[in-house]
Amino acid sequence: MNEILDVAALVLILMGALLCLTAAIGVLRFRDVPSRLHAATKPQVFGLMLICLAIALSLRSWPVVAFLVPIALIQLATAPLSAHMVGRQAYRNGTIDEGGLHVDELAESKRTPPAAGG
């Protein structure tokens with residue numbers, strides 16, 4: 001049974017590392033901000049989750065699992081938040097192609113200055 005869990009941990013580590021590698025390549029290769037944000041968050045977070053699961057399977061210790069759970073939760077909380085903030089700032093700077101947006105929910109805020117009160 002230990003050998004099966006070790007092989008499963010190895011496969012999970014390799015899959016997680018491959019996803020993190022593809023995320024890094026996507027950040028370098030994609031041209032626009034939304035595509036880069038997608039590449040920086042989704043595969044990277046899933047790759048980290050797979051690596052955390054592999055570590056838990058490999059070490060088979062409850063203190064290790066107790067250490068990995070907050071790491072995974074913090075990553076799940078901060079990656080979408082940081083992507084949202086970067087995307088919003090890119091929109092405000094005008095570095096996003098507005099013609100490619102299907103729905104522009106921030107168009108109203110661009111017409112009215114934030115301090116105008118309405």
# chains A, B, ... in the order shown; residues from 1 in each chain; ligands from 1

call {"tool": "residues_around", "arguments": {"residues": "Ile96 in chain A", "least_positions_apart": "3", "cutoff": "8 Å", "atoms": "only C-alpha atoms", "output": "MDAnalysis selection string"}}
result
chainID A and resid 32:34 90:91

call {"tool": "write_last_selection", "arguments": {"atoms": "C-alpha atoms", "output": "PDB file, in the first residue's frame"}}
result
ATOM      1  CA  ASP A  32      -3.106  40.859 -23.056  1.00  0.00           C
ATOM      2  CA  VAL A  33      -3.787  41.337 -19.360  1.00  0.00           C
ATOM      3  CA  PRO A  34      -6.868  39.075 -18.978  1.00  0.00           C
ATOM      4  CA  ALA A  90      -5.242  47.558 -16.009  1.00  0.00           C
ATOM      5  CA  TYR A  91      -8.775  48.593 -16.981  1.00  0.00           C
TER       6      TYR A  91
END

call {"tool": "closest_residue", "arguments": {"among": "A:Ala79, A:Leu10, A:Met85, A:Ala23", "to": "Gln44 in chain A", "atoms": "only C-alpha atoms"}}
result
A:Ala23

call {"tool": "residues_around", "arguments": {"residues": "Ala17 in chain A", "least_positions_apart": "3", "cutoff": "8 Å", "atoms": "only C-alpha atoms", "output": "list in words"}}
result
Ile13, Leu14, Cys20, Leu21, Gly47 and Ile51 of chain A

call {"tool": "select_by_dssp", "arguments": {"residues": "chain A", "states": "alpha helix (DSSP H)", "output": "NGL selection string"}}
result
:A and (2-29 or 33-59 or 62-93 or 107-111)

call {"tool": "residues_around", "arguments": {"residues": "range 56-69 of chain A", "least_positions_apart": "3", "cutoff": "8 Å", "atoms": "only C-alpha atoms", "output": "number ranges by chain"}}
result
A: 5-6, 8-9, 52-53, 72-73

call {"tool": "write_last_selection", "arguments": {"atoms": "all heavy atoms", "output": "PDB file, in the first residue's frame"}}
result
ATOM      1  N   LEU A   5       0.800   4.602  -2.668  1.00  0.00           N
ATOM      2  CA  LEU A   5       0.687   5.999  -2.248  1.00  0.00           C
ATOM      3  C   LEU A   5       1.900   6.815  -2.695  1.00  0.00           C
ATOM      4  O   LEU A   5       1.770   7.994  -3.058  1.00  0.00           O
ATOM      5  CB  LEU A   5       0.523   6.084  -0.730  1.00  0.00           C
ATOM      6  CG  LEU A   5      -0.822   5.593  -0.185  1.00  0.00           C
ATOM      7  CD1 LEU A   5      -0.826   5.630   1.329  1.00  0.00           C
ATOM      8  CD2 LEU A   5      -1.959   6.413  -0.743  1.00  0.00           C
ATOM      9  N   ASP A   6       3.080   6.196  -2.697  1.00  0.00           N
ATOM     10  CA  ASP A   6       4.271   6.900  -3.170  1.00  0.00           C
ATOM     11  C   ASP A   6       4.196   7.187  -4.670  1.00  0.00           C
ATOM     12  O   ASP A   6       4.582   8.272  -5.121  1.00  0.00           O
ATOM     13  CB  ASP A   6       5.537   6.091  -2.853  1.00  0.00           C
ATOM     14  CG  ASP A   6       5.880   6.114  -1.373  1.00  0.00           C
ATOM     15  OD1 ASP A   6       5.412   7.027  -0.665  1.00  0.00           O
ATOM     16  OD2 ASP A   6       6.613   5.195  -0.932  1.00  0.00           O
ATOM     17  N   ALA A   8       1.386   7.487  -6.368  1.00  0.00           N
ATOM     18  CA  ALA A   8       0.346   8.511  -6.519  1.00  0.00           C
ATOM     19  C   ALA A   8       0.902   9.899  -6.176  1.00  0.00           C
ATOM     20  O   ALA A   8       0.612  10.879  -6.870  1.00  0.00           O
ATOM     21  CB  ALA A   8      -0.848   8.186  -5.635  1.00  0.00           C
ATOM     22  N   ALA A   9       1.727   9.977  -5.126  1.00  0.00           N
ATOM     23  CA  ALA A   9       2.344  11.258  -4.755  1.00  0.00           C
ATOM     24  C   ALA A   9       3.283  11.736  -5.853  1.00  0.00           C
ATOM     25  O   ALA A   9       3.317  12.931  -6.176  1.00  0.00           O
ATOM     26  CB  ALA A   9       3.089  11.119  -3.430  1.00  0.00           C
ATOM     27  N   CYS A  52       0.493  20.138  -2.850  1.00  0.00           N
ATOM     28  CA  CYS A  52       0.168  20.003  -1.426  1.00  0.00           C
ATOM     29  C   CYS A  52      -0.433  18.634  -1.127  1.00  0.00           C
ATOM     30  O   CYS A  52      -0.095  17.998  -0.115  1.00  0.00           O
ATOM     31  CB  CYS A  52      -0.793  21.103  -0.989  1.00  0.00           C
ATOM     32  SG  CYS A  52      -0.049  22.728  -0.863  1.00  0.00           S
ATOM     33  N   LEU A  53      -1.303  18.162  -1.993  1.00  0.00           N
ATOM     34  CA  LEU A  53      -1.881  16.833  -1.823  1.00  0.00           C
ATOM     35  C   LEU A  53      -0.808  15.757  -1.917  1.00  0.00           C
ATOM     36  O   LEU A  53      -0.807  14.788  -1.144  1.00  0.00           O
ATOM     37  CB  LEU A  53      -2.979  16.597  -2.862  1.00  0.00           C
ATOM     38  CG  LEU A  53      -3.731  15.280  -2.790  1.00  0.00           C
ATOM     39  CD1 LEU A  53      -4.444  15.135  -1.451  1.00  0.00           C
ATOM     40  CD2 LEU A  53      -4.704  15.172  -3.937  1.00  0.00           C
ATOM     41  N   ALA A  72      -3.006  26.121   1.444  1.00  0.00           N
ATOM     42  CA  ALA A  72      -3.951  25.986   0.330  1.00  0.00           C
ATOM     43  C   ALA A  72      -5.076  27.016   0.437  1.00  0.00           C
ATOM     44  O   ALA A  72      -5.456  27.633  -0.569  1.00  0.00           O
ATOM     45  CB  ALA A  72      -4.518  24.575   0.302  1.00  0.00           C
ATOM     46  N   LEU A  73      -5.596  27.224   1.632  1.00  0.00           N
ATOM     47  CA  LEU A  73      -6.688  28.186   1.798  1.00  0.00           C
ATOM     48  C   LEU A  73      -6.237  29.622   1.527  1.00  0.00           C
ATOM     49  O   LEU A  73      -6.967  30.400   0.900  1.00  0.00           O
ATOM     50  CB  LEU A  73      -7.279  28.068   3.202  1.00  0.00           C
ATOM     51  CG  LEU A  73      -8.042  26.785   3.490  1.00  0.00           C
ATOM     52  CD1 LEU A  73      -8.504  26.752   4.937  1.00  0.00           C
ATOM     53  CD2 LEU A  73      -9.215  26.630   2.548  1.00  0.00           C
TER      54      LEU A  73
END

call {"tool": "atom_distance", "arguments": {"atom1": "CA of Gln75 in chain A", "atom2": "CA of Glu105 in chain A"}}
result
26.7 Å

call {"tool": "residues_around", "arguments": {"residues": "Pro80 in chain A", "least_positions_apart": "6", "cutoff": "10 Å", "atoms": "only C-alpha atoms", "output": "MDAnalysis selection string"}}
result
chainID A and resid 37:38 40:42 45 86

call {"tool": "write_last_selection", "arguments": {"atoms": "N, CA, C and O atoms", "output": "compact mmCIF listing (two decimals), in the first residue's frame"}}
result
# COMPACT_ATOMS: atom_id res chain seq x y z
N LEU A 37 -3.62 37.08 -16.65
CA LEU A 37 -4.20 36.84 -15.32
C LEU A 37 -4.77 35.43 -15.22
O LEU A 37 -4.66 34.78 -14.19
N HIS A 38 -5.41 34.98 -16.29
CA HIS A 38 -5.94 33.62 -16.31
C HIS A 38 -4.81 32.61 -16.15
O HIS A 38 -4.91 31.67 -15.37
N ALA A 40 -1.91 33.13 -14.82
CA ALA A 40 -1.22 33.29 -13.55
C ALA A 40 -2.01 32.72 -12.38
O ALA A 40 -1.42 32.40 -11.34
N THR A 41 -3.31 32.60 -12.50
CA THR A 41 -4.11 32.18 -11.35
C THR A 41 -4.60 30.74 -11.44
O THR A 41 -4.31 29.94 -10.56
N LYS A 42 -5.32 30.41 -12.47
CA LYS A 42 -6.00 29.11 -12.48
C LYS A 42 -5.05 27.91 -12.49
O LYS A 42 -5.13 27.07 -11.60
N VAL A 45 -2.73 27.84 -9.18
CA VAL A 45 -3.40 27.46 -7.94
C VAL A 45 -3.70 25.97 -7.94
O VAL A 45 -3.47 25.27 -6.94
N VAL A 86 -5.32 43.51 -10.10
CA VAL A 86 -4.47 43.80 -11.26
C VAL A 86 -5.33 44.08 -12.49
O VAL A 86 -5.08 45.00 -13.27

call {"tool": "closest_residue", "arguments": {"among": "A:Met49, A:Arg88, A:Pro43, A:Asn93", "to": "Leu106 in chain A", "atoms": "only C-alpha atoms"}}
result
A:Arg88

call {"tool": "atom_distance", "arguments": {"atom1": "CA of Leu81 in chain A", "atom2": "CA of Ile55 in chain A"}}
result
25.9 Å

call {"tool": "atom_distance", "arguments": {"atom1": "CA of Leu48 in chain A", "atom2": "CA of Leu19 in chain A"}}
result
8.5 Å

call {"tool": "closest_residue", "arguments": {"among": "A:Glu3, A:Phe30, A:Ser35, A:Ala54", "to": "Gly16 in chain A", "atoms": "only C-alpha atoms"}}
result
A:Ala54
